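Dumped my_file08.cif below, it's mmCIF, C-alpha atoms:
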```cif
data_structure
loop_
_atom_site.label_atom_id
_atom_site.label_comp_id
_atom_site.auth_asym_id
_atom_site.auth_seq_id
_atom_site.Cartn_x
_atom_site.Cartn_y
_atom_site.Cartn_z
CA MET M 1 -4.65 10.73 19.04
CA GLU M 2 -0.92 11.13 18.72
CA THR M 3 1.64 9.36 16.67
CA ILE M 4 4.57 7.88 18.55
CA ASN M 5 6.28 6.36 15.57
CA ALA M 6 4.71 6.48 12.14
CA ASN M 7 7.17 3.97 10.78
CA ALA M 8 7.90 1.49 13.53
CA ALA M 9 8.44 -1.44 11.17
CA ILE M 10 7.80 -2.46 7.61
CA LEU M 11 5.50 -5.41 7.09
CA SER M 12 5.60 -7.80 4.22
CA ASN M 13 2.42 -8.45 2.29
CA TYR M 14 2.31 -11.95 3.68
CA GLU M 15 2.26 -10.67 7.26
CA VAL M 16 -0.62 -8.32 6.51
CA LEU M 17 -2.58 -11.02 4.74
CA SER M 18 -2.24 -13.49 7.58
CA LEU M 19 -3.21 -10.80 10.10
CA LEU M 20 -6.33 -9.93 8.10
CA GLN M 21 -7.28 -13.57 7.75
CA ASP M 22 -6.82 -13.99 11.49
CA THR M 23 -9.02 -11.05 12.40
CA ARG M 24 -11.68 -12.21 10.03
CA SER M 25 -11.88 -15.69 11.47
CA LYS M 26 -12.02 -14.20 14.97
CA GLN M 27 -14.82 -11.87 13.99
CA LYS M 28 -16.78 -14.73 12.50
CA ARG M 29 -16.61 -16.61 15.74
CA SER M 30 -17.68 -13.78 17.99
CA ALA M 31 -20.10 -11.11 16.93
CA LYS M 32 -21.82 -10.53 13.64
CA SER M 33 -19.66 -7.49 13.14
CA GLN M 34 -18.89 -6.89 9.51
CA VAL M 35 -15.45 -6.73 8.05
CA ALA M 36 -14.65 -3.20 6.98
CA ALA M 37 -14.57 -2.61 3.25
CA VAL M 38 -10.86 -1.72 3.28
CA GLN M 39 -9.98 -4.95 5.00
CA PHE M 40 -12.05 -6.94 2.56
CA GLU M 41 -10.55 -5.20 -0.45
CA ALA M 42 -7.02 -5.38 0.94
CA MET M 43 -7.47 -9.07 1.50
CA ARG M 44 -8.70 -9.53 -2.03
CA TYR M 45 -5.71 -7.65 -3.40
CA LEU M 46 -3.28 -9.69 -1.32
CA GLN M 47 -4.92 -13.01 -2.09
CA ASN M 48 -4.38 -12.35 -5.76
CA SER M 49 -0.72 -11.51 -5.23
CA PRO M 50 2.23 -13.90 -4.86
CA CYS M 51 2.14 -13.61 -1.08
CA ALA M 52 -0.97 -15.79 -0.95
CA GLU M 53 1.23 -18.83 -1.51
CA GLN M 54 4.01 -17.81 0.83
CA THR M 55 4.73 -19.25 4.23
CA PRO M 56 6.99 -17.92 6.98
CA GLU M 57 9.51 -20.69 6.18
CA LYS M 58 9.60 -19.82 2.50
CA ILE M 59 10.16 -16.15 3.29
CA LYS M 60 12.98 -17.06 5.65
CA GLN M 61 14.56 -19.19 2.95
CA LEU M 62 14.28 -16.37 0.44
CA LEU M 63 15.79 -13.88 2.85
CA SER M 64 18.78 -16.06 3.58
CA ALA M 65 19.21 -16.73 -0.13
CA TYR M 66 19.28 -13.00 -0.85
CA GLU M 67 21.75 -12.42 1.98
CA SER M 68 24.84 -12.57 -0.21
CA PHE M 69 23.80 -9.86 -2.67
CA ASN M 70 24.20 -6.91 -0.32
CA LEU M 71 20.68 -5.68 -0.85
CA THR M 72 18.87 -3.17 1.32
CA LYS M 73 15.90 -4.12 3.42
CA ALA M 74 13.49 -2.33 1.11
CA GLU M 75 14.91 -4.09 -1.92
CA LYS M 76 14.57 -7.49 -0.31
CA LEU M 77 11.01 -6.64 0.71
CA MET M 78 10.09 -5.82 -2.87
CA LEU M 79 11.73 -9.00 -4.13
CA ILE M 80 9.59 -10.97 -1.70
CA ASN M 81 6.31 -9.10 -2.19
CA ASP M 82 6.55 -9.13 -5.95
CA PRO M 83 9.05 -11.80 -7.07
CA PRO M 84 10.81 -10.66 -10.27
CA GLN M 85 10.26 -12.73 -13.38
CA LYS M 86 12.56 -10.98 -15.79
CA GLU M 87 15.86 -9.17 -15.65
CA VAL M 88 14.14 -5.85 -16.11
CA ASP M 89 12.15 -6.46 -12.91
CA VAL M 90 15.35 -6.91 -10.94
CA HIS M 91 16.73 -3.67 -12.39
CA LEU M 92 13.59 -1.89 -11.23
CA MET M 93 13.71 -3.13 -7.69
CA VAL M 94 17.42 -2.91 -7.07
CA GLU M 95 18.77 0.58 -7.29
CA GLU M 96 21.80 1.00 -9.56
CA SER M 97 21.67 -2.70 -10.17
CA ALA M 98 23.98 -2.37 -13.16
CA GLU M 99 26.86 -1.41 -10.89
CA ARG M 100 25.96 -3.41 -7.84
CA LEU M 101 25.10 -6.71 -9.45
CA THR M 102 26.75 -8.74 -12.15
CA ASP M 103 24.68 -10.42 -14.85
CA ASP M 104 25.25 -13.76 -13.19
CA GLN M 105 23.99 -12.43 -9.89
CA ILE M 106 20.83 -11.13 -11.54
CA GLN M 107 20.25 -14.55 -13.05
CA GLU M 108 20.80 -16.04 -9.64
CA ILE M 109 18.21 -13.73 -8.09
CA LEU M 110 15.76 -14.70 -10.79
CA THR M 111 16.25 -18.38 -10.12
CA ILE M 112 15.84 -17.83 -6.40
CA ALA M 113 12.69 -15.80 -6.90
CA GLY M 114 11.21 -17.88 -9.65
CA ASN M 115 12.12 -21.41 -8.76
CA GLN M 116 11.27 -21.31 -5.13
CA PRO M 117 7.65 -22.49 -5.33
CA PRO M 118 8.16 -25.45 -7.70
CA GLU M 119 11.14 -26.64 -5.68
CA GLU M 120 8.97 -26.62 -2.59
CA GLU M 121 6.37 -28.74 -4.28
CA ILE M 122 8.85 -31.40 -5.23
CA LYS M 123 10.00 -31.70 -1.64
CA MET A 1 3.46 -1.30 1.12
CA PHE A 2 2.40 -1.74 4.68
CA VAL A 3 4.03 -0.40 7.80
CA LEU A 4 3.42 -0.59 11.51
CA ALA A 5 2.66 2.71 13.20
CA GLU A 6 2.78 3.22 16.95
CA MET A 7 0.05 5.48 18.21
CA THR A 8 -1.35 6.62 21.53
CA LYS A 9 -4.87 7.71 22.32
CA THR A 10 -7.08 8.32 25.32
CA LEU A 11 -10.21 6.28 24.90
CA ARG A 12 -13.55 6.77 26.55
CA VAL A 13 -15.23 3.55 27.61
CA PRO A 14 -18.87 4.28 28.45
CA PRO A 15 -20.43 2.59 31.52
CA HIS A 16 -22.61 0.21 29.54
CA ARG A 17 -19.44 -1.41 28.23
CA PHE A 18 -17.92 -1.99 31.66
CA GLY A 19 -19.21 -5.56 31.51
CA ILE A 20 -16.90 -6.40 28.63
CA ASN A 21 -13.25 -7.13 29.12
CA LEU A 22 -11.39 -3.81 28.91
CA ASN A 23 -8.95 -5.14 26.30
CA GLU A 24 -11.76 -6.22 24.04
CA ALA A 25 -13.69 -3.00 24.51
CA ILE A 26 -10.59 -1.01 23.57
CA ALA A 27 -9.72 -3.17 20.59
CA GLU A 28 -13.25 -2.98 19.29
CA ASP A 29 -13.41 0.76 19.71
CA LEU A 30 -10.07 1.32 17.98
CA THR A 31 -11.01 -0.94 15.09
CA LYS A 32 -14.34 0.74 14.66
CA THR A 33 -13.00 4.27 14.71
CA LEU A 34 -9.75 3.86 12.82
CA VAL A 35 -9.94 1.13 10.20
CA GLY A 36 -10.43 2.61 6.78
CA LYS A 37 -9.41 6.09 7.88
CA VAL A 38 -6.47 8.07 6.65
CA ILE A 39 -4.24 9.33 9.44
CA LYS A 40 -2.33 12.37 8.39
CA GLU A 41 1.35 11.69 7.65
CA VAL A 42 0.87 8.09 8.78
CA GLY A 43 -1.20 6.44 6.06
CA LEU A 44 -4.39 4.54 5.45
CA CYS A 45 -5.28 2.43 8.45
CA ILE A 46 -5.92 -1.20 7.52
CA ALA A 47 -6.13 -2.97 10.84
CA LEU A 48 -5.26 -2.89 14.52
CA PHE A 49 -2.05 -4.85 15.00
CA ASP A 50 -1.86 -4.99 18.78
CA ILE A 51 -2.28 -3.01 21.97
CA THR A 52 1.07 -2.48 23.61
CA CYS A 53 0.11 -0.67 26.79
CA ILE A 54 -3.07 0.14 28.68
CA LYS A 55 -2.53 2.73 31.38
CA GLU A 56 -4.73 3.41 34.38
CA SER A 57 -8.32 4.39 33.75
CA PHE A 58 -9.66 7.68 35.05
CA ILE A 59 -13.15 8.82 35.83
CA LEU A 60 -13.70 12.50 35.29
CA PRO A 61 -16.22 14.59 37.23
CA GLY A 62 -19.60 14.67 35.54
CA ASP A 63 -18.99 11.65 33.35
CA GLY A 64 -19.49 8.05 34.33
CA ALA A 65 -17.23 6.74 31.59
CA ALA A 66 -13.70 5.55 32.09
CA HIS A 67 -10.93 7.32 30.24
CA THR A 68 -7.98 5.14 29.47
CA LYS A 69 -4.76 6.00 27.76
CA VAL A 70 -3.61 3.24 25.48
CA ASN A 71 -0.62 2.68 23.24
CA PHE A 72 -1.27 0.55 20.22
CA ARG A 73 0.10 -0.35 16.84
CA LEU A 74 -1.71 -0.11 13.55
CA VAL A 75 -1.12 -1.68 10.19
CA VAL A 76 -1.19 1.22 7.77
CA PHE A 77 -0.87 1.36 4.04
CA LYS A 78 1.91 3.76 3.17
CA PRO A 79 4.30 2.63 0.47
CA PHE A 80 7.82 3.93 0.79
CA SER A 81 9.23 6.21 -1.81
CA GLU A 82 10.66 4.32 -4.81
CA GLU A 83 8.61 1.21 -4.04
CA VAL A 84 7.45 -0.73 -7.09
CA ILE A 85 3.85 -1.90 -6.81
CA LEU A 86 1.42 -3.73 -9.05
CA GLY A 87 -2.05 -2.24 -9.50
CA LYS A 88 -4.80 -1.82 -12.02
CA ILE A 89 -5.66 1.17 -14.18
CA LYS A 90 -8.84 2.77 -12.90
CA ASN A 91 -9.24 5.49 -15.50
CA CYS A 92 -7.40 8.00 -17.63
CA SER A 93 -7.95 11.72 -17.88
CA GLU A 94 -6.03 14.75 -19.08
CA GLU A 95 -4.43 14.90 -15.65
CA GLY A 96 -2.92 11.49 -16.08
CA VAL A 97 -3.61 7.90 -15.23
CA ARG A 98 -5.32 6.84 -12.03
CA VAL A 99 -4.38 3.47 -10.58
CA THR A 100 -6.31 1.41 -8.08
CA LEU A 101 -5.25 -1.34 -5.71
CA GLY A 102 -8.84 -2.21 -4.81
CA PHE A 103 -8.61 -0.86 -1.29
CA PHE A 104 -6.94 2.37 -2.33
CA ASP A 105 -7.40 4.20 -5.57
CA ASN A 106 -5.79 7.57 -5.19
CA ILE A 107 -2.66 6.78 -7.10
CA ILE A 108 -2.01 9.34 -9.78
CA ILE A 109 0.53 9.10 -12.57
CA SER A 110 0.85 12.54 -14.09
CA PRO A 111 1.37 12.89 -17.87
CA GLU A 112 5.07 13.82 -17.37
CA SER A 113 5.64 10.58 -15.48
CA LEU A 114 4.26 8.34 -18.22
CA GLN A 115 6.45 6.60 -20.77
CA GLN A 116 7.53 9.19 -23.35
CA PRO A 117 6.46 10.05 -26.00
CA CYS A 118 2.80 9.69 -25.18
CA ARG A 119 -0.48 11.29 -26.11
CA TYR A 120 -3.99 11.47 -24.73
CA ASP A 121 -6.90 10.30 -26.87
CA GLU A 122 -9.91 12.52 -26.15
CA ASP A 123 -12.46 10.23 -27.75
CA GLU A 124 -11.38 6.98 -26.21
CA LYS A 125 -10.23 8.59 -22.98
CA VAL A 126 -7.00 6.66 -22.82
CA TRP A 127 -3.33 7.50 -22.72
CA ILE A 128 -1.23 6.02 -25.49
CA TRP A 129 2.47 5.36 -25.40
CA GLU A 130 3.93 5.91 -28.85
CA TYR A 131 6.55 3.25 -28.63
CA GLU A 132 9.16 3.44 -31.34
CA SER A 133 10.99 0.34 -32.39
CA LYS A 134 13.06 -0.53 -35.44
CA ASP A 135 10.02 -1.57 -37.41
CA GLY A 136 8.10 1.61 -36.83
CA LYS A 137 5.86 3.26 -34.30
CA HIS A 138 3.49 1.28 -32.13
CA ASP A 139 0.58 2.69 -30.22
CA LEU A 140 0.38 1.10 -26.79
CA PHE A 141 -2.96 1.81 -25.16
CA MET A 142 -3.46 2.15 -21.43
CA ASP A 143 -6.95 0.75 -21.05
CA PRO A 144 -8.79 0.72 -17.72
CA GLY A 145 -8.60 -2.58 -15.89
CA GLU A 146 -5.14 -3.47 -17.19
CA PRO A 147 -2.56 -4.52 -14.59
CA ILE A 148 0.11 -1.87 -14.30
CA ARG A 149 3.40 -1.73 -12.43
CA PHE A 150 4.43 1.65 -11.10
CA ARG A 151 6.99 3.31 -8.88
CA VAL A 152 5.84 5.41 -5.94
CA THR A 153 7.32 8.89 -6.08
CA GLY A 154 5.50 10.65 -3.27
CA ASN A 155 2.88 10.56 -0.55
CA LYS A 156 0.66 13.62 -0.19
CA PHE A 157 -1.65 14.22 2.73
CA VAL A 158 -4.27 16.93 2.70
CA GLU A 159 -6.21 18.17 5.68
CA THR A 160 -9.79 17.55 4.72
CA ILE A 161 -11.64 18.47 7.88
CA PRO A 162 -13.77 21.42 6.83
CA CYS A 163 -12.68 24.12 9.22
CA ASP A 164 -14.10 27.61 9.03
CA SER A 165 -11.22 29.32 7.37
CA LYS A 166 -11.19 32.63 9.17
CA PRO A 167 -7.78 33.95 8.20
CA GLU A 168 -8.56 34.26 4.52
CA GLU A 169 -12.10 34.96 3.51
CA GLN A 170 -11.32 34.42 -0.15
CA GLU A 171 -10.73 30.77 0.49
CA SER A 172 -14.21 30.15 1.88
CA SER A 173 -15.58 29.57 -1.58
CA GLU A 174 -12.92 26.99 -2.20
CA THR A 175 -13.65 25.00 0.94
CA THR A 176 -16.65 23.33 -0.68
CA GLU A 177 -14.35 22.13 -3.40
CA LYS A 178 -11.69 21.18 -0.92
CA GLU A 179 -14.02 18.79 0.89
CA LYS A 180 -14.00 16.56 -2.14
CA ILE A 181 -10.24 16.39 -2.23
CA ALA A 182 -8.95 13.01 -1.14
CA PRO A 183 -7.04 13.09 2.15
CA TYR A 184 -4.25 10.91 0.85
CA THR A 185 -2.83 10.80 -2.65
CA ILE A 186 0.10 8.81 -3.91
CA THR A 187 2.01 10.10 -6.88
CA ALA A 188 3.63 7.54 -9.08
CA SER A 189 5.73 7.20 -12.17
CA ILE A 190 6.08 4.65 -14.96
CA SER A 191 8.79 6.34 -17.00
CA GLU A 192 11.32 3.53 -16.72
CA PRO A 193 11.85 0.33 -18.62
CA GLY A 194 9.88 -2.44 -16.96
CA LEU A 195 7.23 -0.09 -15.63
CA GLY A 196 3.78 0.38 -17.07
CA LEU A 197 1.36 -2.22 -18.30
CA VAL A 198 2.50 -5.70 -17.39
CA SER A 199 1.60 -6.90 -20.89
CA TRP A 200 4.14 -4.49 -22.44
CA TRP A 201 7.05 -6.38 -21.00
CA THR A 202 6.11 -9.95 -21.63
#
```
Could you spell out this file's structure in structure tokens?
Amino acid sequence: METINANAAILSNYEVLSLLQDTRSKQKRSAKSQVAAVQFEAMRYLQNSPCAEQTPEKIKQLLSAYESFNLTKAEKLMLINDPPQKEVDVHLMVEESAERLTDDQIQEILTIAGNQPPEEEIK
Amino acid sequence: MFVLAEMTKTLRVPPHRFGINLNEAIAEDLTKTLVGKVIKEVGLCIALFDITCIKESFILPGDGAAHTKVNFRLVVFKPFSEEVILGKIKNCSEEGVRVTLGFFDNIIISPESLQQPCRYDEDEKVWIWEYESKDGKHDLFMDPGEPIRFRVTGNKFVETIPCDSKPEEQESSETTEKEKIAPYTITASISEPGLGLVSWWT
């Protein structure tokens, strides 16, 4: 076996979770084949993480909301996989956030990350 | 945390599987052989994402099976450097704190990468962060099972296939030990504000 590209694309946790759920439902329908332990455990980890409540639309919304902050792809991915709840979380995920973001912008990120789900429910 | 990796492999489809659709036979074989395995420098394989290309099948002299070269993509677990991830403490030892994600538990935080100053409690087998605030020193325990947020600092792959090490005879005694070494270890750090036990920062 050879590797063509070890890092073809980065996947968000939501994408992995939906893929695992897909394969499991397919397997149930066809053979009795068991789900591998890693897949089961990975699914359990992901189901207990914020991505379990995400949808493609919500992720798109988040991404466009983060557009204006000049964040890198990896930073946006972390903000989506593990939405920050406090200022310190934003500082962790965004490199040199003190210089790149103003306090207001950090607050804005927190509202985007934190308020997204309730807002959805109201709609 | 997860990335897509493009791979290529020549698969052998034995004659008794000719009745099945080739795509399915290949997908099944790849899933069976690769899921749950660590691929060196690529990561821990979680699932088959898709098959991008199936080339012509060949039959080789003396073997009734078809050999088919396929290109496919795998979902692998390989966090990027500097990624912040949430896990759970598995255990503590003198070598540091081991963190588990459920499906992967070779995440090591070495004593230097813990919050400083810290100490290791022999009896209770836990690491303790001696947090100093205005009103004195607080001992913050790192008990197993606690959710912990950490930053990935490195991915280490080790060749674990026991090969007869001919070049250096001295190493032969070590190979038995080496077999136990995990093929993939992630080193992590929590020496930053915001990192460490989730309960510390609430």
Once the PyMOL selection byres ((chain M) within 10 of (chain A)) has been applied to the shown file, what residues remain in the selection, as a count of residues only? 49
Counting all atoms listed in the file, the residue among A:Pro144, A:Pro183, A:Pro111, A:Gly196 that lies closest to A:Glu159 is A:Pro183
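The spacing separating atom CA of A:Phe141 from atom CA of A:Val198 amounts to 12.1 Å.
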Could you give me the axis-aligned bounding box of stretch 37-41 of chain A, with 5 Å of padding per side, as centre plus edge lengths in Å to one decimal, as JSON?
```
{"center_x": -4.0, "center_y": 9.2, "center_z": 8.0, "size_x": 20.8, "size_y": 16.3, "size_z": 12.8}
```
Name the residues that the PyMOL selection byres ((chain M and resi 70) around 12) picks from the file above, as a list in words, using the file's chain letters and numbers. Leu63, Ser64, Ala65, Tyr66, Glu67, Ser68, Phe69, Leu71, Thr72, Lys73, Ala74, Glu75, Lys76, Val94, Glu95, Ser97, Arg100, Leu101, Gln105 and Ile109 of chain M
A:Glu94 surroundings by all atoms listed in the file, 10 Å radius, close-in-sequence under 6 positions cut, as an MDAnalysis selection string: chainID A and resid 110:111 119:122 125:127
Please dump the current selection as a compact mmCIF listing (two decimals), in the frame of the given file; keep C-alpha atoms.
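The resulting part.txt:
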```
# COMPACT_ATOMS: atom_id res chain seq x y z
CA SER A 110 0.85 12.54 -14.09
CA PRO A 111 1.37 12.89 -17.87
CA ARG A 119 -0.48 11.29 -26.11
CA TYR A 120 -3.99 11.47 -24.73
CA ASP A 121 -6.90 10.30 -26.87
CA GLU A 122 -9.91 12.52 -26.15
CA LYS A 125 -10.23 8.59 -22.98
CA VAL A 126 -7.00 6.66 -22.82
CA TRP A 127 -3.33 7.50 -22.72
```
Could you tell me which residues the PyMOL selection byres ((chain A and resi 156) around 6) grabs in this file, written as a ChimeraX atom specification? /A:155,157,184-185
Can you work out the spacing between atom CA of A:Ser199 and atom CA of M:Ala52 in Å, to one decimal?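 Atom-to-atom, atom CA of A:Ser199 to atom CA of M:Ala52, that is 22.0 Å.
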Enter the distance from atom CA of A:Leu197 to atom CA of M:Glu96, in Å, rounded to one decimal.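 Computing it gives 22.5 Å between the two atoms.
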Rank nothing, just name the residue among A:Ala188, A:Arg17, A:Asp50, A:Ser113 nearest to A:Gly64, using all atoms listed in the file.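 Checking each candidate against A:Gly64, we get A:Arg17 as the closest.
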Contacts of A:Glu130 at 12 Å (all atoms listed in the file; same-chain gap of 4+ positions) as a list of chain:residue names: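 The residues that qualify are A:Leu114, A:Gln115, A:Gln116, A:Pro117, A:Cys118, A:Arg119, A:Tyr120, A:Asp121, A:Gly136, A:Lys137, A:His138, A:Asp139, A:Leu140, A:Phe141, A:Met142.
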Output for the residues just chosen: C-alpha atoms as a tab-separated table (two decimals), in the coordinates of the input:
```tsv
chain	number	residue	atom	x	y	z
A	114	LEU	CA	4.26	8.34	-18.22
A	115	GLN	CA	6.45	6.60	-20.77
A	116	GLN	CA	7.53	9.19	-23.35
A	117	PRO	CA	6.46	10.05	-26.00
A	118	CYS	CA	2.80	9.69	-25.18
A	119	ARG	CA	-0.48	11.29	-26.11
A	120	TYR	CA	-3.99	11.47	-24.73
A	121	ASP	CA	-6.90	10.30	-26.87
A	136	GLY	CA	8.10	1.61	-36.83
A	137	LYS	CA	5.86	3.26	-34.30
A	138	HIS	CA	3.49	1.28	-32.13
A	139	ASP	CA	0.58	2.69	-30.22
A	140	LEU	CA	0.38	1.10	-26.79
A	141	PHE	CA	-2.96	1.81	-25.16
A	142	MET	CA	-3.46	2.15	-21.43
```
